[in-house]
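> Below is one structure. I have some questions about it.
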Amino acid sequence: MDSILRIIKRNTLFFKIFVVMVISIIMVSLLITYSSIRMSSNLFIDTFSITNSKIMDQITEQFDEFTESTVSASLEVDTNGTIKQALLENHQTAIDKYSLYYDMKYEMNRIYAEVDPNDANMIIMNKQNDIFNMNYIKWPVQADQLVNHEIITRMENNPDQMIYQFEDSEVTNHVPMIIISKALTLQNGYIYGYLFFSLTEKDLRDFYESYTSEGNNVLLLTPKGDIISSNQQNLIGESSPELLDYAQSFEGKELEYRNAEVFGQQFTLLSQYIPSLDIYLINLIDQKVVSNNLVDANEIIFISIAIVGISVLLTFLILRRMTVSISTLVHQISDMARYQFTKPLKETGGYETRKIAKAFNYMLNELQDYVQILMNTQEKQRKAELEALQHQINPHFIYNTLASIKFMIKQEKKETASNTIDSFIALIQNSLSNIDETITVEQELENLKNYVQINQARYGDRIRVNYLIAPDCLSLTIPKLVLQPFIENAFFHAFTKKKTGYIQILIAQKQDKLICEIIDNGDGMVPNRLENNIVKSKGKRQLFSGIGVKNVHERIQLLYGKSYGVTITSEPGKGTNVVITLPAKN
Amino acid sequence: MKQSLSKKLWLLLVALFTAAILVACGDDTDGENADSDGGEDASGGETTDIIAWAWDQNFNIAALNLANEYYENEDFNMEIVENAQDDIVQKLNTGLSSGTMKGMPNIVLIEDQRAQSFLQSYPDAFYPIGDYFNTEDFAEYKIAPTSLDGKQYGLPFDTGATGFFYRTDYLEEAGYTHDDLVNITWAQFVDIAKDVKEKTGHPMLALDPNDLGILRVMMQTTGTWYTTEDGKINLVDNEPLKLALQHYKELMSNDLVHLVSDWSQYLAAFNSGDVASVPAGNWIAPSIEAEASQSGLWKVAPTPRLDMEGAANASNQGGSSWYVLNIDGKEAAAEFLGKTFGSNSEFYQELLTEVGAIGTYKPASEGDAYQYENEYFGGQKVIYEISQWMEEIPQVDYGMNTYGIEDILSAEIQQYLDGKSLEDMLADAQAQAENQFK
């Protein structure tokens with residue numbers, strides 16, 4: 001968990017951009033997919049419904065043609081003299097009947113040709129219950145079945161009308177069919193026969209079945225709400241008042257189609273009233289099924305998913321390439337301090353990161369150059385300062401020495417005064433006139449002796465100085481005034497409690513190093529005055545030259561490096577030991 | 001190295017996506033192809049939908065259904081459409097003469113007496129099926145009407161051997177036993193009819209004025225026909241026809257006939273118990289048996305003969321054969337007929353017992369089923385007896401104008417019944433027919 005968090009933290013930039021990109025890609029494709037499916041289905045349903053309403057017109061036309069054919073056939077039967085006469089005559093003998101049968105069949109064959117193409121059947125029955133059936137397969141009805149049927153009463157009540165009805169009962173052997181019946185009447189109203197046309201539901205279906213398909217259903221509905229024909233055969237015979245409501249809602253309106261909920265499902269519904277048959281022709285379109293067949297949503301979705309997949313993958317790869325190099329750059333930069341700005345950045349990754357790294361490295365180089373120059377200048381300045389210091393002689397020293405010499409002369413110690421003036425002259429000569437930075441040990445020793453002689457002349461010889469110099473060291477060179485400050489220090493600070501003592505100066509060569517020791521047996525120093533074995537500078541003015549004890553150490557290190565310098569050990573009451581380490585140089 | 005690897009991976013992924021999309025699209029087109037293949041199959045290839053037209057629910061259609069059960073082919077799917085025979089004839093004429101063959105069936109049943117007119121009028125409309133069965137396996141008299149110019153077009157089905165089916169109870173009431181009805185003449189038949197009518201009140205038989213089948217049955221007992229063997233119209237001097245017409249008129253004028261106008265009324269006439277007898281082709285037997293309540297009340301006697309020299313107590317009516325139309329699916333249809341009606345003896349045995357149809361397939365004529373004692377006909381060996389009569393049927397050449405002549409004749413018979421003399425009426429009919437079939 002932590003490692004995941006760390007990875008996310010390390011790649012925040014990547015994750016931020018990636019998440020934003022992924023979300024936008026998915027959103028865009030979702031919206032496009034959804035709207036394209038929606039638009040295509042809507043467009044499809046629209047055109048489909050328009051096509052279907054044309055089809056409805058065609059079906060209606062077919063129905064009209066059929067009813068027209070029955071009407072004209074019935075007119076022909078009505079006006080056919082042979083039939084009228086044959087039906088009116090009373091046939092007693094077989095020979096009488098024979099001609100009736102023959103004539104009827106002969107005349108009816110001609111008229112039947114008009115309705116035959118629709119697979120309709122034509123039947124004529126006379127009052128003597130002789131029945132003439134043109135196609136017994138379609139309706140194998142017997143006279144005694146018809147005689148007492150309500151169909152006859154209905155005809156007798158409406159002798160001038162063609163009566164349309166749907167029958168599914170005993171009289172049709174339970175074969176669903178439409179029966180169109182008409183009473184054949186004389187002008188005085190006498191009924192001399194009955195004419196029937198029948199069309200089985202199966203043949204009725206042929207009118208529209210070729211226009212139907214899965215999810216695109218056609219129903220025929222009576223004004224009572226009974227479904228008398230449909231390509232969905234399980235619906236035949238059912239009653240659906242809701243469907244009737246929808247069908248009637250079309251009347252008197254210029255509606256192309258409307259949405260309806262019937263049989264517990266959503267449909268697009270088209271309806272047309274066929275007045276000739278007194279039925280409603282209804283077209284139910286199951287939008288889902290129909291549009292699924294034609295608009296392949298799965299394919300669109302699949303393509304969208306593929307596009308999203310490809311774009312996310314591409315985004316991932318490109319982003320990763322870009323942000324990883326930026327992230328490494330950032331890490332390198334944040335590590336910079338550890339390597340003291342000396343380690344340059346790796347110039348890898350994309351163009352932008354390479355450019356940034358290059359610029360950064362350039363800047364780093366410039367910075368280093370400036371720092372170098374600054375350091376050099378500072379060193380030079382320090383050196384100049386030290387040089388200036390070592391050329392200074394404290395005016396108090398000169399004043400005090402001269403005052404001491406004046407007292408010596410007043411006390412008439414001519415010899416001592418003369419020696420002191422000699423030493424003073426030599427000392428000043430060496431300090432001021434000799435402009436070399438280094439001098440030999442011998443020369444330095446000469447200076448020390450002169451300095452000690454002056455001090456002893458001034459303060460008496462209660463502090464004695466011993467020189468123990470290895471002869472091979474005399475010719476070696478050392479920086480000017482390296483030893484003097486420590487002698488001065490010993491003279492003026494080591495013997496404030498003790499009034500007498502000695503100072504020993506030891507110089508010897510040890511391998512390639514020159515070791516100078518200044519040992520006194522004076523008061524010593526408390527440890528807190530020592531820091532890093534170097535005397536703490538208190539900014540106290542030096543008595544002789546501008547160079548103090550502390551300066552010596554710095555000067556040596558500046559000149560020769562860190563392995564050289566001054567170490568001081570001290571014990572209160574026992575004295576101080578100063579060791580100066582220098583390179584042995586000729 | 002790493003960079004080039006990731007580049008390869010990237011290419012691979014793109015390739016995979018492209019391939020996936022192509023495959024998805026490919027699937028769709030495959031699906032469409034499969035659909036269109038299916039469409040072609042339906043019209044010409046393996047899973048075939050065959051449509052068959054036939055008449056007579058109790059006989060021909062029952063036989064066809066039985067054959068379909070016997071045919072072991074899962075790809076074969078047959079829809080049987082029942083139509084009246086006249087309807088089939090009319091629809092065939094309309095469809096075949098238009099030449100489009102639209103809406104035509106694959107298999108159609110045609111009566112032997114009509115077959116030649118179809119075969120000669122529409123020579124390319126039928127598919128020769130001689131290769132699918134052995135013609136020598138069938139009764140010879142069925143081959144001539146079903147073939148043309150040496151090519152076999154029809155697969156012979158039932159024999160049209162006729163019988164005199166009668167109600168034992170009515171005839172007994174009129175004072176007749178079975179023996180009184182065996183090998184009688186049509187003149188005797190008319191007399192018996194008069195007795196039956198007088199004593200029981202029932203008409204002897206049912207007739208459709210538009211179907212002169214009974215005249216043909218009478219005529220063929222003497223071996224004559226409306227036409228001669230060389231195709232000439234033979235009405236005027238046709239003595240057997242004259243005699244038959246006299247009997248016909250006598251039946252009519254004595255009210256011995258129940259007139260019907262269609263097949264369903266014809267069936268109703270005897271199923272309802274109205275008429276006393278049915279002289280007709282043996283194919284009527286299953287329709288008689290359809291009325292279970294009359295079981296044991298029926299028997300069958302040989303067909304009455306015309307009282308002339310050389311006449312036999314046997315005749316023929318309405319035997320028919322199967323034909324295959326020359327449209328898509330013809331091979332499958334012919335294969336079906338060849339495997340069932342063309343060669344399956346076992347099928348014919350069941351056809352006899354289940355349907356009562358007597359085929360003309362010779363290898364099947366020796367089976368046990370021929371000895372079957374039919375309880376409905378009082379234990380009579382109906383099939384055996386009919387098969388005996390079958391051999392005695394006088395052979396005639398039906399020619400191709402049988403029904404055309406009969407249309408003319410039925411109009412003339414009107415006038416004959418109304419009082420026109422027989423000679424005049426036949427002379428008029430002869431003249432009309434000669435004009436029409438020149």
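All residue names refer to the structure tokens as shown: chains lettered A, B, ... in order, residues numbered from 1 in each chain, ligands numbered from 1 in order.
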Using only C-alpha atoms, what table do you get, as JSON lines, when you list each residue of chain A with an atom no more than 10 Å from chain B, its nearest pair of atoms, and their distance in Å rounded to one decimal, rows by chain then rising number?


```
{"residue": "A:Gln92", "atom": "CA", "partner": "B:Asp255", "partner_atom": "CA", "distance": 9.2}
{"residue": "A:Thr93", "atom": "CA", "partner": "B:Asp255", "partner_atom": "CA", "distance": 6.1}
{"residue": "A:Ala94", "atom": "CA", "partner": "B:Asp255", "partner_atom": "CA", "distance": 4.9}
{"residue": "A:Ile95", "atom": "CA", "partner": "B:Met252", "partner_atom": "CA", "distance": 5.7}
{"residue": "A:Asp96", "atom": "CA", "partner": "B:Asp418", "partner_atom": "CA", "distance": 8.8}
{"residue": "A:Lys97", "atom": "CA", "partner": "B:Leu259", "partner_atom": "CA", "distance": 7.4}
{"residue": "A:Tyr98", "atom": "CA", "partner": "B:Pro209", "partner_atom": "CA", "distance": 6.1}
{"residue": "A:Ser99", "atom": "CA", "partner": "B:Gln414", "partner_atom": "CA", "distance": 6.3}
{"residue": "A:Leu100", "atom": "CA", "partner": "B:Pro209", "partner_atom": "CA", "distance": 9.3}
{"residue": "A:Tyr101", "atom": "CA", "partner": "B:Pro209", "partner_atom": "CA", "distance": 6.5}
{"residue": "A:Tyr102", "atom": "CA", "partner": "B:Pro209", "partner_atom": "CA", "distance": 5.8}
{"residue": "A:Asp103", "atom": "CA", "partner": "B:Ala411", "partner_atom": "CA", "distance": 9.3}
{"residue": "A:Met104", "atom": "CA", "partner": "B:Ser261", "partner_atom": "CA", "distance": 9.2}
{"residue": "A:Lys105", "atom": "CA", "partner": "B:Ser261", "partner_atom": "CA", "distance": 7.6}
{"residue": "A:Tyr106", "atom": "CA", "partner": "B:Asn210", "partner_atom": "CA", "distance": 8.8}
{"residue": "A:Asp130", "atom": "CA", "partner": "B:Val260", "partner_atom": "CA", "distance": 8.5}
{"residue": "A:Ile131", "atom": "CA", "partner": "B:Ser261", "partner_atom": "CA", "distance": 7.4}
{"residue": "A:Phe132", "atom": "CA", "partner": "B:Ser261", "partner_atom": "CA", "distance": 5.9}
{"residue": "A:Asn133", "atom": "CA", "partner": "B:Asp262", "partner_atom": "CA", "distance": 6.5}
{"residue": "A:Met134", "atom": "CA", "partner": "B:Asp262", "partner_atom": "CA", "distance": 7.7}
{"residue": "A:Asn135", "atom": "CA", "partner": "B:Ala84", "partner_atom": "CA", "distance": 7.0}
{"residue": "A:Tyr136", "atom": "CA", "partner": "B:Ser264", "partner_atom": "CA", "distance": 6.3}
{"residue": "A:Ile137", "atom": "CA", "partner": "B:Asn83", "partner_atom": "CA", "distance": 6.3}
{"residue": "A:Lys138", "atom": "CA", "partner": "B:Asn83", "partner_atom": "CA", "distance": 8.7}
{"residue": "A:Trp139", "atom": "CA", "partner": "B:Ser264", "partner_atom": "CA", "distance": 9.6}
{"residue": "A:Pro140", "atom": "CA", "partner": "B:Ser264", "partner_atom": "CA", "distance": 6.1}
{"residue": "A:Val141", "atom": "CA", "partner": "B:Ser264", "partner_atom": "CA", "distance": 8.0}
{"residue": "A:Gln142", "atom": "CA", "partner": "B:Gln265", "partner_atom": "CA", "distance": 7.2}
{"residue": "A:Ala143", "atom": "CA", "partner": "B:Gln265", "partner_atom": "CA", "distance": 9.4}
{"residue": "A:Glu299", "atom": "CA", "partner": "B:Ala24", "partner_atom": "CA", "distance": 7.8}
{"residue": "A:Phe302", "atom": "CA", "partner": "B:Ile21", "partner_atom": "CA", "distance": 8.1}
{"residue": "A:Ile303", "atom": "CA", "partner": "B:Ile21", "partner_atom": "CA", "distance": 7.1}
{"residue": "A:Ala306", "atom": "CA", "partner": "B:Phe17", "partner_atom": "CA", "distance": 6.7}
{"residue": "A:Ile307", "atom": "CA", "partner": "B:Phe17", "partner_atom": "CA", "distance": 8.8}
{"residue": "A:Gly309", "atom": "CA", "partner": "B:Phe17", "partner_atom": "CA", "distance": 8.6}
{"residue": "A:Ile310", "atom": "CA", "partner": "B:Val14", "partner_atom": "CA", "distance": 7.2}
{"residue": "A:Leu313", "atom": "CA", "partner": "B:Trp10", "partner_atom": "CA", "distance": 8.5}
{"residue": "A:Leu314", "atom": "CA", "partner": "B:Trp10", "partner_atom": "CA", "distance": 8.3}
{"residue": "A:Leu317", "atom": "CA", "partner": "B:Trp10", "partner_atom": "CA", "distance": 8.5}
```

> Contacts of Met322 in chain A at 9 Å or less, counting only C-alpha atoms, minus same-chain residues fewer than 2 places along, as a list of chain:residue names?

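Contacts, with the query itself left out: A:Phe14, A:Leu317, A:Ile318, A:Leu319, A:Arg320, A:Val324, A:Ser325, A:Ile326, A:Ser327, A:Gly349, A:Gly350, A:Glu352, A:Thr353.
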
> Convert the current residue selection to file output with N, CA and C atoms, as an mmCIF file, in the first residue's frame.


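As written to disk, part36.cif reads:
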```
data_model
loop_
_atom_site.group_PDB
_atom_site.id
_atom_site.type_symbol
_atom_site.label_atom_id
_atom_site.label_comp_id
_atom_site.auth_asym_id
_atom_site.auth_seq_id
_atom_site.Cartn_x
_atom_site.Cartn_y
_atom_site.Cartn_z
ATOM 1 N N PHE A 14 2.197 12.431 -13.891
ATOM 2 C CA PHE A 14 1.692 11.432 -14.834
ATOM 3 C C PHE A 14 0.261 11.068 -14.499
ATOM 4 N N LEU A 317 1.247 5.511 -23.098
ATOM 5 C CA LEU A 317 2.627 5.374 -23.556
ATOM 6 C C LEU A 317 3.286 6.734 -23.737
ATOM 7 N N ILE A 318 2.588 7.654 -24.419
ATOM 8 C CA ILE A 318 3.187 8.958 -24.699
ATOM 9 C C ILE A 318 3.398 9.742 -23.408
ATOM 10 N N LEU A 319 2.366 9.778 -22.560
ATOM 11 C CA LEU A 319 2.454 10.502 -21.301
ATOM 12 C C LEU A 319 3.586 9.961 -20.453
ATOM 13 N N ARG A 320 3.649 8.639 -20.428
ATOM 14 C CA ARG A 320 4.639 7.989 -19.592
ATOM 15 C C ARG A 320 6.028 8.428 -20.051
ATOM 16 N N VAL A 324 7.974 10.642 -17.290
ATOM 17 C CA VAL A 324 9.030 9.921 -16.590
ATOM 18 C C VAL A 324 10.325 10.710 -16.687
ATOM 19 N N SER A 325 10.658 11.257 -17.843
ATOM 20 C CA SER A 325 11.904 12.015 -17.959
ATOM 21 C C SER A 325 11.834 13.275 -17.126
ATOM 22 N N ILE A 326 10.667 13.907 -17.091
ATOM 23 C CA ILE A 326 10.548 15.116 -16.261
ATOM 24 C C ILE A 326 10.726 14.756 -14.792
ATOM 25 N N SER A 327 10.093 13.622 -14.391
ATOM 26 C CA SER A 327 10.207 13.207 -12.990
ATOM 27 C C SER A 327 11.665 12.931 -12.639
ATOM 28 N N GLY A 349 15.808 11.598 -22.189
ATOM 29 C CA GLY A 349 14.361 11.829 -22.287
ATOM 30 C C GLY A 349 14.007 12.623 -23.531
ATOM 31 N N GLY A 350 12.833 13.243 -23.453
ATOM 32 C CA GLY A 350 12.315 13.940 -24.631
ATOM 33 C C GLY A 350 13.046 15.234 -24.905
ATOM 34 N N GLU A 352 12.130 18.317 -24.721
ATOM 35 C CA GLU A 352 11.968 19.381 -23.738
ATOM 36 C C GLU A 352 12.869 19.129 -22.541
ATOM 37 N N THR A 353 12.816 17.893 -22.024
ATOM 38 C CA THR A 353 13.619 17.594 -20.842
ATOM 39 C C THR A 353 15.094 17.715 -21.165
#
```

> From a DSSP calculation on the backbone, collect every residue of range 52-145 of chain B in strand (DSSP E or B) and output the set as a list in words.

Ala52, Trp53, Ala54, Phe76, Asn77, Met78, Glu79, Ile80, Val81, Glu82, Ile107, Val108, Leu109, Ile110, Glu111, Phe126 and Phe138 of chain B

> Write down as a tab-separated table (two decimals) with C-alpha atoms, in the first residue's frame the residues belonging to range 108-349 of chain B that are assigned alpha helix (DSSP H) by DSSP computed on the backbone.


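Everything below was put into result23.tsv:
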```tsv
chain	number	residue	atom	x	y	z
B	112	ASP	CA	-54.88	-40.50	-64.90
B	113	GLN	CA	-57.75	-39.54	-67.19
B	114	ARG	CA	-56.50	-35.92	-67.18
B	115	ALA	CA	-52.78	-36.57	-67.16
B	116	GLN	CA	-52.21	-36.65	-70.92
B	117	SER	CA	-53.82	-33.28	-71.47
B	118	PHE	CA	-51.36	-31.70	-69.02
B	119	LEU	CA	-48.33	-33.62	-70.28
B	120	GLN	CA	-49.05	-32.77	-73.90
B	121	SER	CA	-50.05	-29.14	-73.31
B	140	GLU	CA	-48.83	-51.75	-66.93
B	141	TYR	CA	-52.14	-49.94	-67.42
B	142	LYS	CA	-50.83	-47.09	-65.24
B	143	ILE	CA	-47.74	-46.48	-67.37
B	144	ALA	CA	-49.44	-45.32	-70.58
B	145	PRO	CA	-51.39	-42.40	-69.02
B	146	THR	CA	-48.42	-41.28	-66.91
B	168	THR	CA	-76.72	-53.79	-46.32
B	169	ASP	CA	-79.59	-52.63	-44.10
B	170	TYR	CA	-81.36	-50.62	-46.82
B	171	LEU	CA	-80.87	-53.29	-49.48
B	172	GLU	CA	-82.10	-56.02	-47.17
B	173	GLU	CA	-85.14	-53.90	-46.41
B	178	HIS	CA	-75.36	-59.77	-51.32
B	179	ASP	CA	-75.63	-62.51	-53.90
B	180	ASP	CA	-78.43	-60.63	-55.64
B	181	LEU	CA	-76.01	-57.73	-56.16
B	186	TRP	CA	-76.74	-51.45	-64.83
B	187	ALA	CA	-80.31	-52.19	-65.93
B	188	GLN	CA	-80.71	-54.41	-62.88
B	189	PHE	CA	-79.08	-51.66	-60.80
B	190	VAL	CA	-81.77	-49.20	-61.91
B	191	ASP	CA	-84.49	-51.69	-61.02
B	192	ILE	CA	-82.96	-52.29	-57.62
B	193	ALA	CA	-82.79	-48.52	-57.14
B	194	LYS	CA	-86.49	-48.26	-57.86
B	195	ASP	CA	-87.22	-50.97	-55.27
B	196	VAL	CA	-85.03	-49.30	-52.68
B	197	LYS	CA	-86.66	-45.95	-53.24
B	198	GLU	CA	-90.08	-47.46	-53.03
B	199	LYS	CA	-89.42	-49.57	-49.96
B	200	THR	CA	-87.06	-47.42	-47.91
B	213	GLY	CA	-68.00	-39.94	-63.70
B	214	ILE	CA	-70.78	-42.51	-63.48
B	215	LEU	CA	-71.13	-42.49	-67.28
B	216	ARG	CA	-67.45	-43.21	-67.68
B	217	VAL	CA	-67.66	-46.07	-65.19
B	218	MET	CA	-70.54	-47.60	-67.12
B	219	MET	CA	-68.85	-47.07	-70.47
B	220	GLN	CA	-65.53	-48.59	-69.46
B	239	GLU	CA	-73.63	-47.80	-78.25
B	240	PRO	CA	-72.30	-48.28	-74.71
B	241	LEU	CA	-72.55	-44.51	-74.17
B	242	LYS	CA	-76.10	-44.49	-75.46
B	243	LEU	CA	-77.05	-47.25	-73.09
B	244	ALA	CA	-75.31	-45.52	-70.20
B	245	LEU	CA	-77.14	-42.27	-70.94
B	246	GLN	CA	-80.47	-44.11	-70.98
B	247	HIS	CA	-79.76	-45.58	-67.58
B	248	TYR	CA	-78.66	-42.15	-66.38
B	249	LYS	CA	-81.88	-40.54	-67.54
B	250	GLU	CA	-83.91	-43.30	-66.00
B	251	LEU	CA	-82.22	-42.79	-62.63
B	252	MET	CA	-82.93	-39.09	-62.84
B	253	SER	CA	-86.47	-39.17	-64.06
B	263	TRP	CA	-67.55	-33.03	-52.81
B	264	SER	CA	-68.45	-32.28	-49.20
B	265	GLN	CA	-72.12	-32.69	-49.99
B	266	TYR	CA	-71.30	-35.90	-51.82
B	267	LEU	CA	-69.61	-37.27	-48.71
B	268	ALA	CA	-72.42	-35.99	-46.52
B	269	ALA	CA	-74.95	-37.84	-48.71
B	270	PHE	CA	-73.73	-41.26	-47.62
B	271	ASN	CA	-72.20	-40.35	-44.28
B	285	ALA	CA	-63.87	-46.58	-49.04
B	286	PRO	CA	-61.86	-44.54	-46.49
B	287	SER	CA	-64.46	-41.76	-46.73
B	288	ILE	CA	-67.24	-44.26	-46.10
B	289	GLU	CA	-65.29	-45.64	-43.13
B	330	LYS	CA	-37.64	-31.13	-58.11
B	331	GLU	CA	-34.76	-33.51	-57.26
B	332	ALA	CA	-35.74	-33.61	-53.59
B	333	ALA	CA	-39.38	-34.14	-54.50
B	334	ALA	CA	-38.59	-36.92	-56.97
B	335	GLU	CA	-36.26	-38.54	-54.45
B	336	PHE	CA	-39.03	-38.50	-51.87
B	337	LEU	CA	-41.54	-40.09	-54.22
B	338	GLY	CA	-39.01	-42.68	-55.44
B	339	LYS	CA	-38.09	-43.73	-51.90
B	345	SER	CA	-43.19	-52.48	-50.00
B	346	GLU	CA	-43.52	-52.07	-46.27
B	347	PHE	CA	-45.04	-48.65	-46.81
B	348	TYR	CA	-47.60	-50.12	-49.21
B	349	GLN	CA	-48.64	-52.73	-46.65
```

> If we count only C-alpha atoms, what is near Ile129 in chain B at a cut-off of 7 Å, once residues fewer than 3 positions away on the same chain are taken out, given as a VMD selection string?

chain B and resid 132 152 to 153 334

> CA of Glu61 in chain A and CA of Leu277 in chain A are how many Å apart?

11.7 Å

> What does the distance from CA of Gly575 in chain A to CA of Asn394 in chain A come to in Å, to one decimal?

27.0 Å

> Applying 7 Å and only C-alpha atoms, which residues near range 412-425 of chain A remain after dropping the ones on its own chain fewer than 5 positions away? List them as a PyMOL selection string.

chain A and resi 405+450+453-454+457

> Can you work out the spacing between CA of Ala429 in chain B and CA of Leu306 in chain B in Å, to one decimal?

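Computing the Euclidean distance for CA of Ala429 in chain B and CA of Leu306 in chain B yields 22.0 Å.
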
> Residues within 12 Å of range 384-386 of chain B, please, as number ranges by chain. Count only C-alpha atoms; anything in the same chain fewer than 5 positions from it doesn't count.

B: 158-165, 182, 280-283, 285, 299-303, 313-316, 352-353, 356-360, 365-374, 379, 391-393
